[in-house]
Amino acid sequence: MRKLTILLIVVFSLLMPLTTFGQTQNNYWYQCTIDPNLTDVENGKHWVQTITYQNGATTTINERDTFPFLMINNNFIPNADIAIKSGYSLVPIRLVTEELGGRVNWDAMNNTVVIESTGKKIVLKAGDRNAVINGKPVVLPFAPQLVDNRVYVPSRTVAEAFGADISFTVGIMPFTNPLLSMDTREKNVTKEKAIQLASNAMIQAFATFLKNGKYADGSYTSNKTLAEIKQRINSISYQDETTGYWILSGPYEILVDKSIEALFFKYGTKAVSGSYMEGITPVDVNDMDVFARGYFLG
C-alpha cells in the first residue's frame with residue numbers, strides 16, 4: 001500500500017449553516033460498464049465507462065483522464081471532486097468532515113475555519129500555516145487558502161486529528177485510477193483471518209457453482225476452467241490493502257473489510273477496460289453463477 005502526503009481541498013459555501021453530518025452509508029459497491037454512446041474507438045475516441053454506485057449515483061470516466069475515487073469507512077463517496085496536484089490529493093473538506101462525524105463552521109470575520117467532532121476541535125486560518133488542533137499549536141505543511149469561497153486545508157492533519165487512517169492505492173479502480181481511502185473504524189480482522197475468511201467463502205461458493213450444470217457440464221473445457229478456479233481458490237494470498245480492506249488474490253480479487261468481515265469481489269481488469277463490465281460486488285456463496293463472469297462468460 002502506498003501512502004502520499006495528502007491534502008484535502010475543502011469546498012463549502014460560506015453561507016451554509018452548521019449541520020449534522022455523516023449521511024453517506026451503505027455504498028460499498030459499484031458496477032462499471034462501457035458507455036456505447038460515448039465510446040467510438042474506431043474513430044479515435046477513448047474508452048468511456050459509466051459507473052453506477054450502490055446508492056444509485058453515477059459518474060462517467062474515460063481511460064485518458066485521471067479520476068481519483070474517494071472512500072470513507074469503506075463507503076464510496078461518488079463524485080467527490082478530488083484533484084491531484086504536485087503529488088497532493090485535494091478533496092472537499094465539508095464532505096470529508098461530515099463523513100468522519102464532524103462539522104464545519106466558517107468564521108468570516110476572522111477568516112477562520114473551525115472543525116469540530118466529539119471531544120476534538122481544529123482551528124485553521126486562511127493563509128496561515130499555524131493551526132490549533134485539540135488545543136495544541138501545529139504548523140501545517142500547507143497553509144489553508146481561501147479562493148473563490150473555497151478553503152484548501154491539509155488533509156492528513158485533519159484526518160489524524162480525527163483519528164482517521166489514510167491510504168492512497170493505485171491499481172484496484174477502473175483505468176488504474178487512484179483510490180483515496182480514509183477510515184476511523186476499529187480494525188477487527190487480521191491479514192491471516194482475512195485469508196481464512198476468504199478461503200472458507202470461496203470453498204462454499206465453489207461447491208455451489210458445481211451444482212450449475214450450465215457451466216459444470218463435464219466437458220473438457222468446463223473441467224479445465226473449473227480446475228483453474230479451484231487452483232486459484234487454493235492459492236488465495238495477500239496482494240495489497242487500503243485503510244479499510246485487505247486485498248487478496250484469488251479467483252477474482254477479494255476485498256475483506258478489516259472491521260466487519262464483509263467480503264467483496266473486484267472483477268474485471270486493473271488496466272485498460274475492454275467491452276465488458278467491471279466493478280466491486282458483495283460475495284454471495286449461494287450464487288449459482290458466482291464464477292461465471294470472466295471464466296465462462298468472458
# chains A, B, ... in the order shown; residues from 1 in each chain; ligands from 1
>>> residues_around(residues="Pro137 of chain A", least_positions_apart="6", cutoff="10 Å", atoms="only C-alpha atoms", output="VMD selection string")
chain A and resid 122 to 123 130 to 131
>>> atom_distance(atom1="atom CA of Leu90 of chain A", atom2="atom CA of Pro174 of chain A")
19.8 Å
>>> closest_residue(among="A:Ile82, A:Leu179, A:Met277, A:Ile203", to="Thr50 of chain A", atoms="only C-alpha atoms")
A:Met277
>>> residues_around(residues="Pro251 of chain A", least_positions_apart="3", cutoff="10 Å", atoms="only C-alpha atoms", output="list in words")
Met202, Glu228, Ile229, Lys230, Gln231, Arg232, Ile233, Asn234, Ser235, Ile236, Leu248, Ile254, Phe265, Lys266, Tyr267, Phe291, Gly294 and Tyr295 of chain A
>>> write_last_selection(atoms="C-alpha atoms", output="mmCIF file, in the first residue's frame")
data_model
loop_
_atom_site.group_PDB
_atom_site.id
_atom_site.type_symbol
_atom_site.label_atom_id
_atom_site.label_comp_id
_atom_site.auth_asym_id
_atom_site.auth_seq_id
_atom_site.Cartn_x
_atom_site.Cartn_y
_atom_site.Cartn_z
ATOM 1 C CA MET A 202 -14.603 -19.478 -1.828
ATOM 2 C CA GLU A 228 -8.252 -23.235 -12.804
ATOM 3 C CA ILE A 229 -10.810 -21.718 -10.419
ATOM 4 C CA LYS A 230 -10.062 -24.399 -7.826
ATOM 5 C CA GLN A 231 -6.336 -23.762 -8.113
ATOM 6 C CA ARG A 232 -6.836 -20.051 -7.536
ATOM 7 C CA ILE A 233 -9.024 -20.770 -4.518
ATOM 8 C CA ASN A 234 -6.265 -22.958 -3.087
ATOM 9 C CA SER A 235 -3.740 -20.159 -3.669
ATOM 10 C CA ILE A 236 -5.541 -17.206 -2.060
ATOM 11 C CA LEU A 248 -6.379 -10.718 -1.714
ATOM 12 C CA ILE A 254 -11.186 -10.374 -2.959
ATOM 13 C CA PHE A 265 -15.216 -9.383 -5.339
ATOM 14 C CA LYS A 266 -13.308 -6.940 -7.507
ATOM 15 C CA TYR A 267 -13.831 -8.302 -11.004
ATOM 16 C CA PHE A 291 -17.744 -17.771 -11.069
ATOM 17 C CA GLY A 294 -14.599 -13.877 -16.549
ATOM 18 C CA TYR A 295 -14.328 -17.664 -16.750
#
>>> closest_residue(among="A:Gln204, A:Thr112, A:Ser155, A:Asn62", to="Ser167 of chain A", atoms="only C-alpha atoms")
A:Ser155
